[in-house]
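Okay, so here's the structure we're looking at.
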Amino acid sequence: MMSIDSNDYKILDRGFYSRDTAIVAKELIGKLLVKKIQGQQLNGIITETEAYYGKNDPASHAFRGRTPRAEIMFGSAGFAYVYFCYGMYYMLNAVTEREGIPGAVLIRAVLPISGTDTMAMRRNTRDIKKLANGPGKLTIAFCIDFSDNGKDLTGGCNNSVDLTIHDLDINLDSRNILQTPRIGITNAKEKQLRFVLKDIGIFNF
DNA sequence: GTACTGATACTCT
DNA sequence: GAGTATCAGTACT
């Protein structure tokens, strides 16, 4: 397995996130999610995302307007939105759209690249494919919890930021990205707002 | 391989 | 008080 140092790849800037949510969700596929913890780097390639809008999207937390929880979705793009679900799991989102317009991309799965020992310990499995192949699993593997809510994914002007997403400069053929209905929701199931990398084999690390 | 179920605590009505 | 952007374990095919 090839190791990837996030310092070799540039952080996605706020302009990347300040666009239509579905476009951001699709383009986040193949990007590198990086968490720095206790001097160690955990990273992995994003393989699955979902787009959530606002008032026209009953499945979104922002559908009912500015509730305290969803407030961050109305703020400026490029920040992390972490929330708690089903009593046990944290979910990681990236805020999208222009300030004042709600939107977020749920990061549902990543392919672990570095720090897999730490992830394996936290997840109680050594199977790389199962370490972070679900939204609840990836937050456990990457040590992401409510303390990460509101962090600036673009790094901002602050070097202490430890949660970032980098551009690997990989040209993904869009035929490699599958578009399907979203998972686990009860409303607006018909919308095709889930994006999945079809073949993780193209990352032959 | 698929199908079902319980665990769990936070958010909003 | 009801609903929830899930997971692991169990049972069954």
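Chain labels run A, B, ... following the order of the structure tokens; each chain numbers its residues from 1, and ligands are numbered from 1 in the order shown.
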Return as CSV the residues of chain A lying at most 7 Å from chain B, together with the closest atom-to-atom pair for each and the distance in Å to one decimal, counting only C-alpha atoms (C1' of nucleotides), with rows in chain order and ascending residue number.
residue,atom,partner,partner_atom,distance
A:Phe84,CA,B:DC10,C1',6.6
A:Tyr86,CA,B:DT8,C1',6.5
A:Gly87,CA,B:DA9,C1',4.1
A:Met88,CA,B:DT8,C1',5.8
Hey, can you spit out that residue selection with all heavy atoms as a PDB file, in the first residue's frame?
ATOM      1  N   PHE A  84     -25.164  14.073  15.839  1.00  0.00           N
ATOM      2  CA  PHE A  84     -25.307  12.792  16.511  1.00  0.00           C
ATOM      3  C   PHE A  84     -26.586  12.109  16.039  1.00  0.00           C
ATOM      4  O   PHE A  84     -27.613  12.747  15.898  1.00  0.00           O
ATOM      5  CB  PHE A  84     -25.376  13.062  18.012  1.00  0.00           C
ATOM      6  CG  PHE A  84     -25.085  11.872  18.854  1.00  0.00           C
ATOM      7  CD1 PHE A  84     -23.848  11.261  18.796  1.00  0.00           C
ATOM      8  CD2 PHE A  84     -26.028  11.380  19.730  1.00  0.00           C
ATOM      9  CE1 PHE A  84     -23.565  10.170  19.587  1.00  0.00           C
ATOM     10  CE2 PHE A  84     -25.756  10.294  20.525  1.00  0.00           C
ATOM     11  CZ  PHE A  84     -24.517   9.689  20.456  1.00  0.00           C
ATOM     12  N   TYR A  86     -29.120   8.321  15.889  1.00  0.00           N
ATOM     13  CA  TYR A  86     -29.466   6.985  16.386  1.00  0.00           C
ATOM     14  C   TYR A  86     -28.852   6.678  17.751  1.00  0.00           C
ATOM     15  O   TYR A  86     -28.624   5.510  18.078  1.00  0.00           O
ATOM     16  CB  TYR A  86     -29.023   5.907  15.390  1.00  0.00           C
ATOM     17  CG  TYR A  86     -29.826   5.902  14.117  1.00  0.00           C
ATOM     18  CD1 TYR A  86     -29.246   6.224  12.907  1.00  0.00           C
ATOM     19  CD2 TYR A  86     -31.178   5.579  14.146  1.00  0.00           C
ATOM     20  CE1 TYR A  86     -29.976   6.220  11.732  1.00  0.00           C
ATOM     21  CE2 TYR A  86     -31.921   5.572  12.976  1.00  0.00           C
ATOM     22  CZ  TYR A  86     -31.320   5.890  11.775  1.00  0.00           C
ATOM     23  OH  TYR A  86     -32.049   5.882  10.638  1.00  0.00           O
ATOM     24  N   GLY A  87     -28.592   7.739  18.527  1.00  0.00           N
ATOM     25  CA  GLY A  87     -28.118   7.519  19.882  1.00  0.00           C
ATOM     26  C   GLY A  87     -26.700   7.024  20.023  1.00  0.00           C
ATOM     27  O   GLY A  87     -26.207   6.853  21.133  1.00  0.00           O
ATOM     28  N   MET A  88     -26.016   6.771  18.902  1.00  0.00           N
ATOM     29  CA  MET A  88     -24.706   6.136  18.986  1.00  0.00           C
ATOM     30  C   MET A  88     -23.648   6.679  18.038  1.00  0.00           C
ATOM     31  O   MET A  88     -22.476   6.491  18.287  1.00  0.00           O
ATOM     32  CB  MET A  88     -24.841   4.653  18.661  1.00  0.00           C
ATOM     33  CG  MET A  88     -25.132   3.796  19.836  1.00  0.00           C
ATOM     34  SD  MET A  88     -25.315   2.102  19.330  1.00  0.00           S
ATOM     35  CE  MET A  88     -27.061   2.076  18.994  1.00  0.00           C
TER      36      MET A  88
END
Could you list, with a cut-off of 12 Å and counting only C-alpha atoms (C1' of nucleotides), the residues of chain C near chain A, each shown with its nearest atom pair and the distance in Å rounded to one decimal, rows sorted by chain and ascending number, as CSV?
residue,atom,partner,partner_atom,distance
C:DG3,C1',A:Tyr86,CA,9.7
C:DT4,C1',A:Tyr86,CA,5.8
C:DA5,C1',A:Ile185,CA,6.3
C:DT6,C1',A:Gly136,CA,6.2
C:DC7,C1',A:Gly136,CA,7.6
C:DA8,C1',A:Lys137,CA,11.3
Residue set, range 147-203 of chain A restricted to helix (DSSP H, G or I), as a list in words = Ser147, Asp148, Ser174, Arg175, Asn176, Ile200, Gly201 and Ile202 of chain A
Create the file for the chosen residues now, containing N, CA, C and O atoms and written as a tab-separated table (two decimals), in the first residue's frame.
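Contents of again36.tsv, as written:
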chain	number	residue	atom	x	y	z
A	147	SER	N	-16.81	17.49	18.96
A	147	SER	CA	-15.80	18.54	19.11
A	147	SER	C	-15.28	19.02	17.74
A	147	SER	O	-14.61	20.04	17.65
A	148	ASP	N	-15.57	18.26	16.69
A	148	ASP	CA	-15.15	18.66	15.34
A	148	ASP	C	-16.20	19.53	14.65
A	148	ASP	O	-15.96	20.04	13.55
A	174	SER	N	-16.33	10.42	-14.95
A	174	SER	CA	-17.62	10.44	-14.25
A	174	SER	C	-18.40	9.15	-14.47
A	174	SER	O	-19.36	8.89	-13.77
A	175	ARG	N	-17.95	8.33	-15.44
A	175	ARG	CA	-18.59	7.01	-15.57
A	175	ARG	C	-18.24	6.12	-14.39
A	175	ARG	O	-18.87	5.10	-14.16
A	176	ASN	N	-17.21	6.51	-13.62
A	176	ASN	CA	-16.83	5.75	-12.44
A	176	ASN	C	-17.61	6.15	-11.20
A	176	ASN	O	-17.40	5.62	-10.13
A	200	ILE	N	-13.35	0.90	-6.54
A	200	ILE	CA	-12.24	1.42	-5.75
A	200	ILE	C	-10.92	0.81	-6.21
A	200	ILE	O	-9.85	1.23	-5.78
A	201	GLY	N	-11.01	-0.18	-7.12
A	201	GLY	CA	-9.81	-0.81	-7.65
A	201	GLY	C	-8.93	0.15	-8.44
A	201	GLY	O	-7.74	-0.11	-8.62
A	202	ILE	N	-9.51	1.30	-8.89
A	202	ILE	CA	-8.68	2.23	-9.65
A	202	ILE	C	-7.62	2.86	-8.75
A	202	ILE	O	-6.63	3.38	-9.24
request  = Any chance you could list, as a count of residues only, the residues in range 42-195 of chain A that come up strand (DSSP E or B) when DSSP is run on the backbone?
outcome  = 47
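Relative to CA of Thr47 in chain A, CA of Ile170 in chain A is found at 13.0 Å.
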